[in-house]
file structure_15.csv (CSV, C-alpha atoms)
chain,number,residue,atom,x,y,z
W,320,MET,CA,14.1,52.1,31.4
W,321,ALA,CA,10.4,51.2,31.6
W,322,GLY,CA,8.6,50.9,28.2
W,323,GLU,CA,11.8,50.1,26.3
W,324,PRO,CA,12.0,46.7,24.6
W,325,SER,CA,14.3,44.1,26.3
W,326,SER,CA,17.8,43.7,24.8
W,327,LEU,CA,18.0,40.1,26.1
W,328,PRO,CA,18.4,37.6,23.2
W,329,LYS,CA,15.4,35.4,22.5
W,330,GLN,CA,15.7,31.8,23.8
W,331,SER,CA,15.5,29.3,20.9
W,332,THR,CA,13.8,25.9,21.3
W,333,PRO,CA,16.6,23.3,21.6
W,334,THR,CA,16.7,20.8,18.7
W,335,ARG,CA,15.4,17.4,19.8
W,336,GLN,CA,18.2,14.8,19.8
W,337,PRO,CA,17.8,11.1,18.9
W,338,PRO,CA,18.0,8.5,21.7
W,339,LEU,CA,21.4,7.0,22.3
W,340,LYS,CA,20.6,3.7,20.5
W,341,GLN,CA,19.4,5.5,17.4
W,342,LYS,CA,22.3,7.9,17.6
W,343,MET,CA,24.8,5.0,17.5
W,344,ALA,CA,23.0,3.4,14.6
W,345,LEU,CA,22.9,6.7,12.6
W,346,GLY,CA,26.6,7.2,13.3
W,347,LEU,CA,27.4,3.8,11.8
W,348,LYS,CA,25.2,4.4,8.9
W,349,SER,CA,26.8,7.8,8.2
W,350,TRP,CA,30.3,6.2,8.4
W,351,LEU,CA,29.4,3.5,6.0
W,352,GLY,CA,27.8,6.0,3.6
W,353,GLY,CA,30.9,8.1,3.7
W,354,ALA,CA,33.1,5.1,2.9
W,355,ARG,CA,30.9,4.1,0.0
W,356,ARG,CA,31.0,7.7,-1.4
W,357,LEU,CA,34.7,7.8,-1.1
W,358,ALA,CA,35.1,4.5,-2.9
W,359,THR,CA,32.6,5.4,-5.7
W,360,GLY,CA,33.3,9.1,-6.0
W,361,GLU,CA,29.7,9.8,-5.4
W,362,GLU,CA,28.9,13.4,-4.3
W,363,PRO,CA,27.2,13.8,-1.0
W,364,THR,CA,23.7,15.3,-1.1
W,365,ALA,CA,22.1,17.7,1.3
W,366,PRO,CA,18.6,16.6,2.4
W,367,ALA,CA,15.9,19.2,2.6
W,368,GLU,CA,14.9,20.5,6.0
W,369,MET,CA,11.7,19.1,7.3
W,370,THR,CA,10.1,22.6,7.4
W,371,THR,CA,10.9,23.4,3.7
W,372,LEU,CA,10.1,20.0,2.1
W,373,PHE,CA,6.4,20.0,3.1
W,374,THR,CA,4.2,22.7,4.6
W,375,SER,CA,3.1,22.0,8.2
W,376,THR,CA,-0.4,22.9,9.2
W,377,ASP,CA,-0.8,26.1,11.2
W,378,PRO,CA,-4.0,26.9,13.1
W,379,ALA,CA,-3.8,30.5,12.0
W,380,ILE,CA,-4.0,29.4,8.4
W,381,ASP,CA,-5.7,26.0,8.5
W,382,GLY,CA,-8.1,26.5,11.4
W,383,ASP,CA,-8.2,24.9,14.8
W,384,ASP,CA,-9.2,21.5,13.4
W,385,CYS,CA,-5.6,20.8,12.6
W,386,THR,CA,-4.7,20.9,16.3
W,387,HIS,CA,-6.8,17.9,17.4
W,388,ASP,CA,-7.5,14.3,16.4
W,389,CYS,CA,-10.7,13.0,15.0
W,390,GLU,CA,-13.5,13.2,17.7
W,391,SER,CA,-15.8,10.8,15.9
W,392,CYS,CA,-13.2,8.0,15.6
W,393,HIS,CA,-14.0,5.2,18.0
W,394,VAL,CA,-11.8,2.5,16.3
W,395,LYS,CA,-8.6,1.5,18.1
W,396,TYR,CA,-5.7,-0.8,17.5
W,397,PRO,CA,-5.6,-4.0,19.5
W,398,ARG,CA,-4.5,-3.6,23.1
W,399,GLY,CA,-1.1,-5.1,22.6
W,400,PHE,CA,-0.2,-2.8,19.7
W,401,LYS,CA,3.0,-1.2,20.8
W,402,ILE,CA,5.5,0.9,18.7
W,403,ASP,CA,8.6,2.9,19.1
W,404,GLU,CA,7.7,6.5,20.0
W,405,SER,CA,11.2,7.8,20.9
W,406,ASP,CA,13.2,7.7,17.7
W,407,LEU,CA,13.5,10.7,15.4
W,408,LEU,CA,11.8,9.8,12.1
W,409,TYR,CA,12.6,12.5,9.5
W,410,GLY,CA,15.4,12.0,7.1
W,411,HIS,CA,16.3,8.4,7.7
W,412,VAL,CA,14.5,6.6,4.8
W,413,LYS,CA,16.6,5.4,1.9
W,414,GLY,CA,16.0,7.5,-1.2
W,415,TRP,CA,14.4,6.1,-4.3
W,416,SER,CA,14.0,7.2,-7.8
W,417,THR,CA,11.0,5.2,-9.1
W,418,HIS,CA,8.5,2.9,-7.4
W,419,ILE,CA,6.5,0.1,-9.1
W,420,ILE,CA,3.4,-1.4,-7.4
W,421,ILE,CA,2.6,-4.9,-8.7
W,422,ALA,CA,-0.9,-6.2,-8.5
W,423,THR,CA,-1.1,-9.6,-6.8
W,424,GLY,CA,-4.6,-9.8,-5.4
W,425,LYS,CA,-3.1,-10.6,-2.0
W,426,SER,CA,-2.4,-8.5,1.1
W,427,ASP,CA,0.4,-10.7,2.6
W,428,TRP,CA,3.4,-12.3,1.1
W,429,VAL,CA,6.6,-14.3,2.0
W,430,ARG,CA,9.1,-12.3,3.9
W,431,ASP,CA,10.9,-10.9,0.8
W,432,VAL,CA,8.5,-10.5,-2.1
W,433,ALA,CA,11.3,-11.1,-4.6
W,434,ASP,CA,11.2,-14.7,-3.3
W,435,GLU,CA,7.5,-15.2,-4.4
W,436,LYS,CA,8.1,-18.1,-6.8
W,437,GLY,CA,7.1,-17.4,-10.4
W,438,SER,CA,6.0,-13.8,-9.7
W,439,VAL,CA,6.8,-10.6,-11.5
W,440,MET,CA,8.5,-9.5,-8.2
W,441,GLU,CA,10.9,-12.4,-8.5
W,442,ALA,CA,11.7,-11.3,-12.0
W,443,PHE,CA,12.4,-7.8,-10.9
W,444,GLY,CA,14.7,-9.1,-8.2
W,445,LYS,CA,16.7,-11.0,-10.7
W,446,ALA,CA,16.8,-8.3,-13.4
W,447,ALA,CA,19.4,-5.6,-13.9
W,448,ASP,CA,18.9,-2.4,-12.0
W,449,PRO,CA,17.3,0.6,-13.9
W,450,GLY,CA,19.7,3.2,-15.1
W,451,ASN,CA,18.0,6.2,-13.5
W,452,GLY,CA,18.4,5.3,-9.8
W,453,ARG,CA,17.0,3.0,-7.2
W,454,LEU,CA,13.7,1.3,-7.9
W,455,MET,CA,11.4,0.6,-5.0
W,456,LEU,CA,9.6,-2.7,-5.6
W,457,SER,CA,6.2,-3.3,-3.9
W,458,ALA,CA,3.7,-6.1,-4.1
W,459,SER,CA,0.1,-4.9,-3.6
W,460,ASN,CA,-3.4,-6.1,-3.1
W,461,MET,CA,-4.5,-4.5,-6.4
W,462,PRO,CA,-6.7,-7.0,-8.2
W,463,THR,CA,-5.1,-8.9,-11.1
W,464,PRO,CA,-6.9,-9.0,-14.5
W,465,SER,CA,-7.8,-12.6,-13.8
W,466,HIS,CA,-9.0,-11.8,-10.2
W,467,THR,CA,-6.7,-14.6,-8.9
W,468,SER,CA,-3.4,-14.8,-7.2
W,469,ASP,CA,-2.0,-17.1,-9.9
W,470,TYR,CA,1.4,-15.8,-10.9
W,471,SER,CA,1.2,-17.6,-14.3
W,472,GLU,CA,-1.4,-15.1,-15.4
W,473,PRO,CA,-0.4,-11.6,-16.7
W,474,THR,CA,-0.8,-8.8,-14.2
W,475,THR,CA,-0.9,-5.0,-13.8
W,476,ALA,CA,1.4,-2.5,-12.2
W,477,ILE,CA,1.5,1.2,-11.4
W,478,LEU,CA,4.7,3.1,-12.0
W,479,LEU,CA,5.4,6.0,-9.8
W,480,PRO,CA,6.0,9.0,-9.8
W,481,ALA,CA,4.9,8.6,-13.5
W,482,PHE,CA,1.3,7.7,-12.3
W,483,THR,CA,1.3,5.2,-15.2
W,484,VAL,CA,-0.6,1.9,-15.3
W,485,ILE,CA,1.2,-0.8,-17.2
W,486,GLU,CA,-0.9,-3.9,-18.2
W,487,ASN,CA,-0.2,-7.4,-19.5
W,488,ILE,CA,2.9,-7.8,-17.4
W,489,THR,CA,4.6,-11.2,-17.2
W,490,PRO,CA,8.0,-12.1,-15.6
W,491,ALA,CA,9.4,-12.4,-19.1
W,492,ALA,CA,8.4,-8.8,-19.9
W,493,VAL,CA,10.3,-7.3,-16.9
W,494,PRO,CA,13.6,-6.5,-18.7
W,495,SER,CA,11.6,-4.6,-21.4
W,496,ILE,CA,9.6,-2.8,-18.7
W,497,ILE,CA,12.9,-1.6,-17.1
W,498,SER,CA,14.5,-0.6,-20.4
W,499,GLU,CA,11.5,0.9,-22.2
W,500,TYR,CA,9.4,2.3,-19.3
W,501,ILE,CA,11.3,2.7,-16.0
W,502,ASP,CA,14.5,4.0,-17.6
W,503,HIS,CA,12.6,6.7,-19.4
W,504,ALA,CA,10.1,7.6,-16.6
W,505,PRO,CA,10.2,10.6,-14.4
W,506,THR,CA,11.9,10.1,-11.1
W,507,SER,CA,11.6,11.6,-7.6
W,508,VAL,CA,14.3,14.1,-8.5
W,509,SER,CA,13.0,15.0,-12.0
W,510,PRO,CA,11.5,18.4,-12.6
W,511,LEU,CA,7.8,18.4,-13.4
W,512,GLY,CA,7.2,17.8,-17.1
W,513,PRO,CA,5.0,15.8,-19.4
W,514,VAL,CA,5.1,12.0,-19.0
W,515,THR,CA,6.3,10.6,-22.4
W,516,LEU,CA,6.1,6.9,-22.1
W,517,PRO,CA,4.9,4.6,-25.0
W,518,ARG,CA,1.2,3.6,-24.8
W,519,SER,CA,2.0,0.2,-26.2
W,520,LEU,CA,5.1,-2.0,-26.5
W,521,PRO,CA,5.3,-4.9,-28.8
W,522,LEU,CA,7.1,-7.9,-27.4
W,523,PRO,CA,8.8,-10.5,-29.6
W,524,ASP,CA,6.9,-13.8,-30.2
W,525,LEU,CA,3.8,-12.7,-28.4
W,526,PRO,CA,0.3,-12.3,-29.8
W,527,ASP,CA,-1.2,-8.7,-29.8
W,528,ALA,CA,-3.4,-9.6,-26.9
W,529,GLN,CA,-0.3,-10.0,-24.7
W,530,GLN,CA,1.5,-6.8,-25.7
W,531,LEU,CA,2.4,-4.4,-22.9
W,532,LEU,CA,-0.1,-1.5,-22.7
W,533,ALA,CA,0.3,1.7,-20.6
W,534,ARG,CA,-2.1,4.5,-19.6
W,535,PRO,CA,-2.3,7.3,-17.1
W,536,SER,CA,-3.7,6.2,-13.7
W,537,PRO,CA,-7.2,7.7,-13.3
W,538,HIS,CA,-6.5,8.7,-9.6
W,539,ARG,CA,-5.5,12.1,-8.3
W,540,ALA,CA,-3.8,10.6,-5.3
W,541,LEU,CA,-2.7,7.2,-4.0
W,542,ILE,CA,-2.4,6.0,-0.4
W,543,LEU,CA,-0.2,3.0,0.2
W,544,LEU,CA,-0.4,1.1,3.5
W,545,CYS,CA,1.9,-1.6,4.7
W,546,SER,CA,-0.1,-4.8,5.4
W,547,HIS,CA,2.8,-7.3,5.4
W,548,LYS,CA,1.9,-9.3,8.5
W,549,THR,CA,4.5,-12.0,7.7
W,550,ARG,CA,7.1,-9.3,8.4
W,551,ASP,CA,5.3,-7.8,11.4
W,552,ALA,CA,1.9,-8.6,12.8
W,553,ARG,CA,1.2,-4.9,13.5
W,554,CYS,CA,1.2,-4.1,9.8
W,555,GLY,CA,-1.4,-6.8,9.2
W,556,GLN,CA,-3.5,-5.4,12.1
W,557,SER,CA,-3.2,-1.7,11.2
W,558,ALA,CA,-3.7,-1.6,7.5
W,559,PRO,CA,-7.4,-2.8,7.3
W,560,ILE,CA,-8.4,-0.5,10.2
W,561,LEU,CA,-6.8,2.5,8.6
W,562,ARG,CA,-8.3,1.7,5.2
W,563,LYS,CA,-11.8,1.6,6.7
W,564,GLU,CA,-11.2,4.9,8.5
W,565,LEU,CA,-9.8,6.6,5.4
W,566,GLU,CA,-12.8,5.4,3.4
W,567,ARG,CA,-15.1,6.9,6.1
W,568,HIS,CA,-13.7,10.3,5.5
W,569,LEU,CA,-13.1,10.1,1.7
W,570,ARG,CA,-16.5,8.7,0.7
W,571,PRO,CA,-18.6,11.7,1.8
W,572,LEU,CA,-16.3,13.8,-0.4
W,573,GLY,CA,-16.9,11.6,-3.4
W,574,LEU,CA,-13.2,10.7,-3.5
W,575,PHE,CA,-13.1,7.1,-2.3
W,576,ARG,CA,-12.2,4.7,-5.0
W,577,ASP,CA,-12.4,0.9,-4.4
W,578,LEU,CA,-9.9,-1.5,-5.8
W,579,ASP,CA,-11.7,-1.9,-9.1
W,580,ASP,CA,-13.0,1.6,-9.4
W,581,GLU,CA,-11.6,3.3,-12.5
W,582,ARG,CA,-13.6,6.5,-12.3
W,583,PRO,CA,-11.4,9.6,-13.0
W,584,GLY,CA,-10.2,11.5,-10.0
W,585,GLY,CA,-10.4,10.3,-6.4
W,586,VAL,CA,-8.1,8.5,-4.2
W,587,GLY,CA,-6.9,4.9,-4.5
W,588,ILE,CA,-5.9,3.0,-1.4
W,589,TYR,CA,-3.7,-0.1,-1.7
W,590,PHE,CA,-1.9,-2.5,0.7
W,591,ILE,CA,1.7,-3.1,0.0
W,592,ASN,CA,4.5,-5.2,1.4
W,593,HIS,CA,7.2,-4.1,3.9
W,594,VAL,CA,8.8,-0.7,3.3
W,595,GLY,CA,11.0,-0.6,6.3
W,596,GLY,CA,10.5,0.8,9.8
W,597,HIS,CA,7.7,-1.6,11.0
W,598,LYS,CA,8.5,-0.6,14.5
W,599,TYR,CA,7.0,2.7,13.6
W,600,SER,CA,3.7,1.2,12.4
W,601,ALA,CA,1.6,2.2,10.7
W,602,ASN,CA,3.5,3.3,7.7
W,603,MET,CA,1.6,5.3,5.0
W,604,MET,CA,2.9,6.7,1.7
W,605,VAL,CA,0.8,9.4,0.0
W,606,TYR,CA,1.5,10.1,-3.7
W,607,ARG,CA,-0.2,13.3,-5.0
W,608,ARG,CA,-0.6,14.9,-8.4
W,609,PRO,CA,0.3,18.6,-8.5
W,610,ASP,CA,-2.4,20.5,-6.6
W,611,ALA,CA,-4.4,17.3,-6.8
W,612,PHE,CA,-7.7,18.6,-5.7
W,613,GLY,CA,-7.3,22.4,-6.3
W,614,LEU,CA,-7.0,23.1,-2.6
W,615,ASP,CA,-3.3,23.5,-2.0
W,616,GLY,CA,-3.6,27.3,-1.8
W,617,VAL,CA,-6.8,27.3,0.3
W,618,GLU,CA,-6.6,28.8,3.8
W,619,ARG,CA,-9.3,26.9,5.7
W,620,GLY,CA,-8.9,29.1,8.8
W,621,LYS,CA,-10.0,32.1,6.8
W,622,LEU,CA,-13.1,30.7,5.3
W,623,ALA,CA,-16.5,32.1,6.4
W,624,PRO,CA,-18.5,30.0,8.9
W,625,GLY,CA,-20.3,27.3,7.0
W,626,GLU,CA,-18.3,27.9,3.8
W,627,ASP,CA,-17.2,24.6,2.1
W,628,VAL,CA,-14.1,24.1,0.1
W,629,GLN,CA,-14.6,23.3,-3.6
W,630,ILE,CA,-12.9,20.1,-4.4
W,631,LYS,CA,-11.6,19.4,-7.9
W,632,LYS,CA,-12.6,15.8,-8.3
W,633,ALA,CA,-11.4,15.0,-11.8
W,634,VAL,CA,-9.3,16.6,-14.5
W,635,GLN,CA,-8.9,15.3,-18.0
W,636,ASN,CA,-5.1,14.8,-18.5
W,637,LYS,CA,-3.6,15.7,-21.9
W,638,THR,CA,-0.9,13.4,-23.0
W,639,ALA,CA,2.2,13.8,-25.1
W,640,THR,CA,2.6,10.1,-25.9
W,641,PRO,CA,1.4,7.9,-28.7
W,642,VAL,CA,-2.0,6.4,-28.5
W,643,VAL,CA,-2.6,2.7,-28.7
W,644,ASN,CA,-4.9,2.8,-31.7
W,645,GLN,CA,-3.9,5.6,-34.1
W,646,ALA,CA,-6.9,4.9,-36.3
W,647,GLU,CA,-9.4,5.5,-33.5
W,648,GLY,CA,-7.4,8.1,-31.7
W,649,VAL,CA,-8.2,6.8,-28.2
W,650,THR,CA,-6.3,5.5,-25.3
W,651,ASN,CA,-7.4,2.6,-23.2
W,652,GLY,CA,-10.7,3.4,-21.6
W,653,GLY,CA,-12.0,5.2,-24.7
W,654,VAL,CA,-11.0,8.8,-23.6
W,655,GLN,CA,-10.6,11.1,-26.6
W,656,ASN,CA,-6.9,12.0,-26.7
W,657,ASP,CA,-6.0,14.5,-29.4
W,658,GLY,CA,-3.4,16.4,-27.3
W,659,ASP,CA,-5.3,19.7,-27.7
W,660,SER,CA,-8.5,19.0,-26.0
W,661,GLY,CA,-7.9,21.0,-22.9
W,662,GLY,CA,-7.2,19.9,-19.3
W,663,GLU,CA,-3.8,19.7,-17.8
W,664,GLU,CA,-0.7,17.9,-18.9
W,665,ASP,CA,0.0,14.6,-17.3
W,666,VAL,CA,3.2,15.1,-15.3
W,667,GLY,CA,2.7,12.3,-12.8
W,668,ALA,CA,3.0,12.7,-9.0
W,669,ALA,CA,4.5,15.9,-7.7
W,670,GLN,CA,4.8,14.7,-4.1
W,671,CYS,CA,5.3,11.6,-2.0
W,672,ILE,CA,4.7,12.1,1.7
W,673,TRP,CA,5.8,9.2,3.9
W,674,LEU,CA,4.2,9.1,7.3
W,675,ALA,CA,4.6,6.6,10.2
W,676,ARG,CA,3.0,6.0,13.6
W,677,VAL,CA,-0.3,6.6,12.0
W,678,ARG,CA,-3.4,5.8,14.1
W,679,PRO,CA,-7.1,5.7,13.3
W,680,GLU,CA,-7.7,9.0,14.9
W,681,ASP,CA,-5.2,10.6,12.6
W,682,CYS,CA,-7.1,9.7,9.4
W,683,GLU,CA,-9.5,12.6,9.3
W,684,ASN,CA,-6.8,15.2,9.3
W,685,ILE,CA,-4.6,13.2,7.0
W,686,VAL,CA,-7.4,13.2,4.5
W,687,LYS,CA,-8.3,16.9,5.1
W,688,TYR,CA,-4.8,18.3,5.1
W,689,THR,CA,-2.3,15.8,3.7
W,690,VAL,CA,-4.3,14.1,0.9
W,691,LEU,CA,-6.3,17.2,-0.1
W,692,GLN,CA,-3.7,19.9,0.4
W,693,GLY,CA,-0.2,18.3,0.6
W,694,LYS,CA,0.4,19.4,4.2
W,695,VAL,CA,1.7,17.5,7.2
W,696,VAL,CA,-0.2,17.7,10.5
W,697,LYS,CA,2.3,16.1,12.9
W,698,PRO,CA,5.8,16.5,11.2
W,699,ASP,CA,7.8,16.0,14.4
W,700,SER,CA,6.3,12.7,15.3
W,701,GLN,CA,5.0,11.2,12.0
W,702,LEU,CA,7.0,12.5,9.0
W,703,ARG,CA,9.6,10.0,7.8
W,704,GLY,CA,10.5,11.7,4.5
W,705,GLY,CA,9.5,12.0,0.8
W,706,PHE,CA,10.0,14.3,-2.1
W,707,ASP,CA,8.4,17.3,-3.8
W,708,ARG,CA,9.3,17.5,-7.5
W,709,GLY,CA,7.8,21.0,-7.8
W,710,LYS,CA,10.3,22.3,-5.3
W,711,GLY,CA,13.1,20.0,-6.4
W,712,LEU,CA,13.5,18.8,-2.8
W,713,MET,CA,13.7,15.4,-1.1
W,714,SER,CA,14.5,14.1,2.4
W,715,TRP,CA,17.6,12.2,1.4

call {"tool": "encode", "arguments": {"input": "structure_15.csv", "output": "structure tokens"}}
result
Amino acid sequence: MAGEPSSLPKQSTPTRQPPLKQKMALGLKSWLGGARRLATGEEPTAPAEMTTLFTSTDPAIDGDDCTHDCESCHVKYPRGFKIDESDLLYGHVKGWSTHIIIATGKSDWVRDVADEKGSVMEAFGKAADPGNGRLMLSASNMPTPSHTSDYSEPTTAILLPAFTVIENITPAAVPSIISEYIDHAPTSVSPLGPVTLPRSLPLPDLPDAQQLLARPSPHRALILLCSHKTRDARCGQSAPILRKELERHLRPLGLFRDLDDERPGGVGIYFINHVGGHKYSANMMVYRRPDAFGLDGVERGKLAPGEDVQIKKAVQNKTATPVVNQAEGVTNGGVQNDGDSGGEEDVGAAQCIWLARVRPEDCENIVKYTVLQGKVVKPDSQLRGGFDRGKGLMSW
């Protein structure tokens, strides 16, 4: 009868299937994983659905800008820059618990960074595994304290998701870093809670100047870009281009932080070694503190014309851990730290969003929606995985 609603069932959009080559590889991987779990008694885990792990942008909520790429971007990859566009990306990265980023002052390394002779990475490669799950090890272009690439000099690292900077690291200190810091650090599956790592760690037979020191990272977010051209030339080509384009969009917001910039707040951008999936270049990992810039709940599409969002650029983090100098009551950097001075507790990173197939024209919306708001603009074609500790979800 005219005017009555149709009783025909709605047609659902068919789920996209992986290409045959990827399907065969995933089948073998699944079989091997099942055999391993059977042998070890490990319980299978259920990865979070892509739509529940991270919020996808929606023009009705986020405005029409989320539907198109940057119009002012005129930078392109080299003509021969070809990548795999057919594989399904989401849910196929190997899970990790903690991630340590080692400063080397370089943007390229030997094929396996654990083979860098005399380096902290080599020491991690030889050390016993942490007791709280898989550690992802990355070399980075972060400057070393000596501003050289001499592995005989102490260096610095960032431990994630703790968002903790560890200083005075030598290869000999690696076992202590694992047992005293990494084993006690929050992991990708830990609920959000105060980071309670020691601010200093005496090491036997070393002068005070060479003791391990730790402090919260000053940044609200970190962007990690694979630049490992020894593994794949595309990574060496894409990382510098993306960094410049990200800087172009972060600087007007007052959020860009250069390699040596320790101002509180803002976004650090570092090059790291191979993370897997170079055929999906460029790979980008975004670590964010909870509601990093106070915009996670903002609906840009409902703002009045000309109305700007109010970015939270810096928040003093309270700490529940001992200070380095009890007499002075300060942490490294001279920030007063009495534990009751206001601000928010330091809980480390709430999210890591791992993207791939990133191009220069994607950077504007990655800054606007992913870095600032924790959303994913192109989940079907770019989201590889990650975790959200606030939700207790991960892609593995």

call {"tool": "residues_around", "arguments": {"input": "structure_15.csv", "residues": "segment 692-704 of chain W", "least_positions_apart": "6", "cutoff": "9 Å", "atoms": "all atoms listed in the file", "output": "number ranges by chain"}}
result
W: 369-370, 372-377, 385-386, 404-412, 414, 599, 605, 607, 610-617, 670-677, 681, 684-686, 713-715

call {"tool": "atom_distance", "arguments": {"input": "structure_15.csv", "atom1": "atom CA of Thr417 of chain W", "atom2": "atom CA of Asp469 of chain W"}}
result
25.8 Å

call {"tool": "closest_atom_pairs", "arguments": {"input": "structure_15.csv", "of": "segment 373-441 of chain W", "to": "segment 451-461 of chain W", "cutoff": "6 Å", "atoms": "all atoms listed in the file", "output": "Markdown table"}}
result
| residue | atom | partner | partner_atom | distance |
| --- | --- | --- | --- | --- |
| W:Trp415 | CA | W:Arg453 | CA | 5.0 |
| W:Ser416 | CA | W:Gly452 | CA | 5.2 |
| W:Thr417 | CA | W:Leu454 | CA | 4.9 |
| W:His418 | CA | W:Met455 | CA | 4.4 |
| W:Ile419 | CA | W:Leu456 | CA | 5.4 |
| W:Ile420 | CA | W:Ser457 | CA | 4.9 |
| W:Ile421 | CA | W:Ala458 | CA | 4.9 |
| W:Ala422 | CA | W:Met461 | CA | 4.5 |
| W:Thr423 | CA | W:Asn460 | CA | 5.6 |
| W:Gly424 | CA | W:Asn460 | CA | 4.5 |
| W:Lys425 | CA | W:Asn460 | CA | 4.6 |
| W:Ser426 | CA | W:Asn460 | CA | 4.9 |

call {"tool": "atom_distance", "arguments": {"input": "structure_15.csv", "atom1": "atom CA of Ala540 of chain W", "atom2": "atom CA of Ser557 of chain W"}}
result
20.6 Å

call {"tool": "closest_residue", "arguments": {"input": "structure_15.csv", "among": "W:Leu572, W:Ala668, W:Ile497, W:Leu712", "to": "Lys631 of chain W", "atoms": "only C-alpha atoms"}}
result
W:Leu572

call {"tool": "residues_around", "arguments": {"input": "structure_15.csv", "residues": "Lys445 of chain W", "least_positions_apart": "3", "cutoff": "10 Å", "atoms": "all atoms listed in the file", "output": "list in words"}}
result
Ala433, Asp434, Val439, Met440, Glu441, Ala442, Asp448, Val493 and Pro494 of chain W

call {"tool": "atom_distance", "arguments": {"input": "structure_15.csv", "atom1": "atom CA of Glu683 of chain W", "atom2": "atom CA of Pro480 of chain W"}}
result
24.9 Å

call {"tool": "residues_around", "arguments": {"input": "structure_15.csv", "residues": "Ala669 of chain W", "least_positions_apart": "2", "cutoff": "7 Å", "atoms": "all atoms listed in the file", "output": "list in words"}}
result
Arg607, Arg608, Pro609, Gly667, Asp707, Arg708 and Gly709 of chain W

call {"tool": "residues_around", "arguments": {"input": "structure_15.csv", "residues": "segment 581-592 of chain W", "least_positions_apart": "6", "cutoff": "6 Å", "atoms": "all atoms listed in the file", "output": "MDAnalysis selection string"}}
result
chainID W and resid 457:460 537:547 574:575 632:633

call {"tool": "closest_residue", "arguments": {"input": "structure_15.csv", "among": "W:Pro366, W:Asp431, W:Pro462, W:Gly382", "to": "Tyr688 of chain W", "atoms": "all atoms listed in the file"}}
result
W:Gly382

call {"tool": "closest_residue", "arguments": {"input": "structure_15.csv", "among": "W:Glu618, W:Glu564, W:Asp577, W:Asp502", "to": "Pro378 of chain W", "atoms": "all atoms listed in the file"}}
result
W:Glu618

call {"tool": "closest_residue", "arguments": {"input": "structure_15.csv", "among": "W:His568, W:Val394, W:Asp579, W:Arg430", "to": "Lys687 of chain W", "atoms": "all atoms listed in the file"}}
result
W:His568

call {"tool": "residues_around", "arguments": {"input": "structure_15.csv", "residues": "Thr483 of chain W", "least_positions_apart": "5", "cutoff": "8 Å", "atoms": "all atoms listed in the file", "output": "NGL selection string"}}
result
:W and (477-478 or 533-536 or 667)

call {"tool": "closest_residue", "arguments": {"input": "structure_15.csv", "among": "W:Gln529, W:Lys563, W:Val690, W:Val666", "to": "Ala481 of chain W", "atoms": "all atoms listed in the file"}}
result
W:Val666

call {"tool": "decode", "arguments": {"input": "structure_15.csv", "residues": "segment 613-624 of chain W", "atoms": "N, CA and C atoms", "output": "compact mmCIF listing (two decimals), in the first residue's frame"}}
result
# COMPACT_ATOMS: atom_id res chain seq x y z
N GLY W 613 42.97 18.91 25.03
CA GLY W 613 41.66 19.37 25.50
C GLY W 613 40.61 19.46 24.41
N LEU W 614 40.81 18.72 23.31
CA LEU W 614 39.90 18.83 22.17
C LEU W 614 39.19 17.53 21.82
N ASP W 615 39.42 16.47 22.59
CA ASP W 615 38.85 15.18 22.19
C ASP W 615 37.33 15.21 22.09
N GLY W 616 36.70 16.02 22.90
CA GLY W 616 35.23 16.08 22.87
C GLY W 616 34.66 17.19 22.01
N VAL W 617 35.51 17.95 21.34
CA VAL W 617 35.05 19.09 20.53
C VAL W 617 34.44 18.58 19.22
N GLU W 618 33.28 19.11 18.86
CA GLU W 618 32.63 18.80 17.59
C GLU W 618 32.83 19.98 16.65
N ARG W 619 33.86 19.89 15.84
CA ARG W 619 34.23 21.01 14.99
C ARG W 619 33.12 21.40 14.02
N GLY W 620 32.35 20.44 13.58
CA GLY W 620 31.29 20.72 12.63
C GLY W 620 30.16 21.57 13.19
N LYS W 621 30.11 21.71 14.51
CA LYS W 621 29.06 22.48 15.15
C LYS W 621 29.54 23.83 15.69
N LEU W 622 30.79 24.16 15.41
CA LEU W 622 31.30 25.46 15.82
C LEU W 622 30.73 26.55 14.94
N ALA W 623 30.56 27.72 15.51
CA ALA W 623 30.05 28.86 14.74
C ALA W 623 31.09 29.27 13.70
N PRO W 624 30.66 29.83 12.59
CA PRO W 624 31.61 30.29 11.56
C PRO W 624 32.66 31.22 12.16
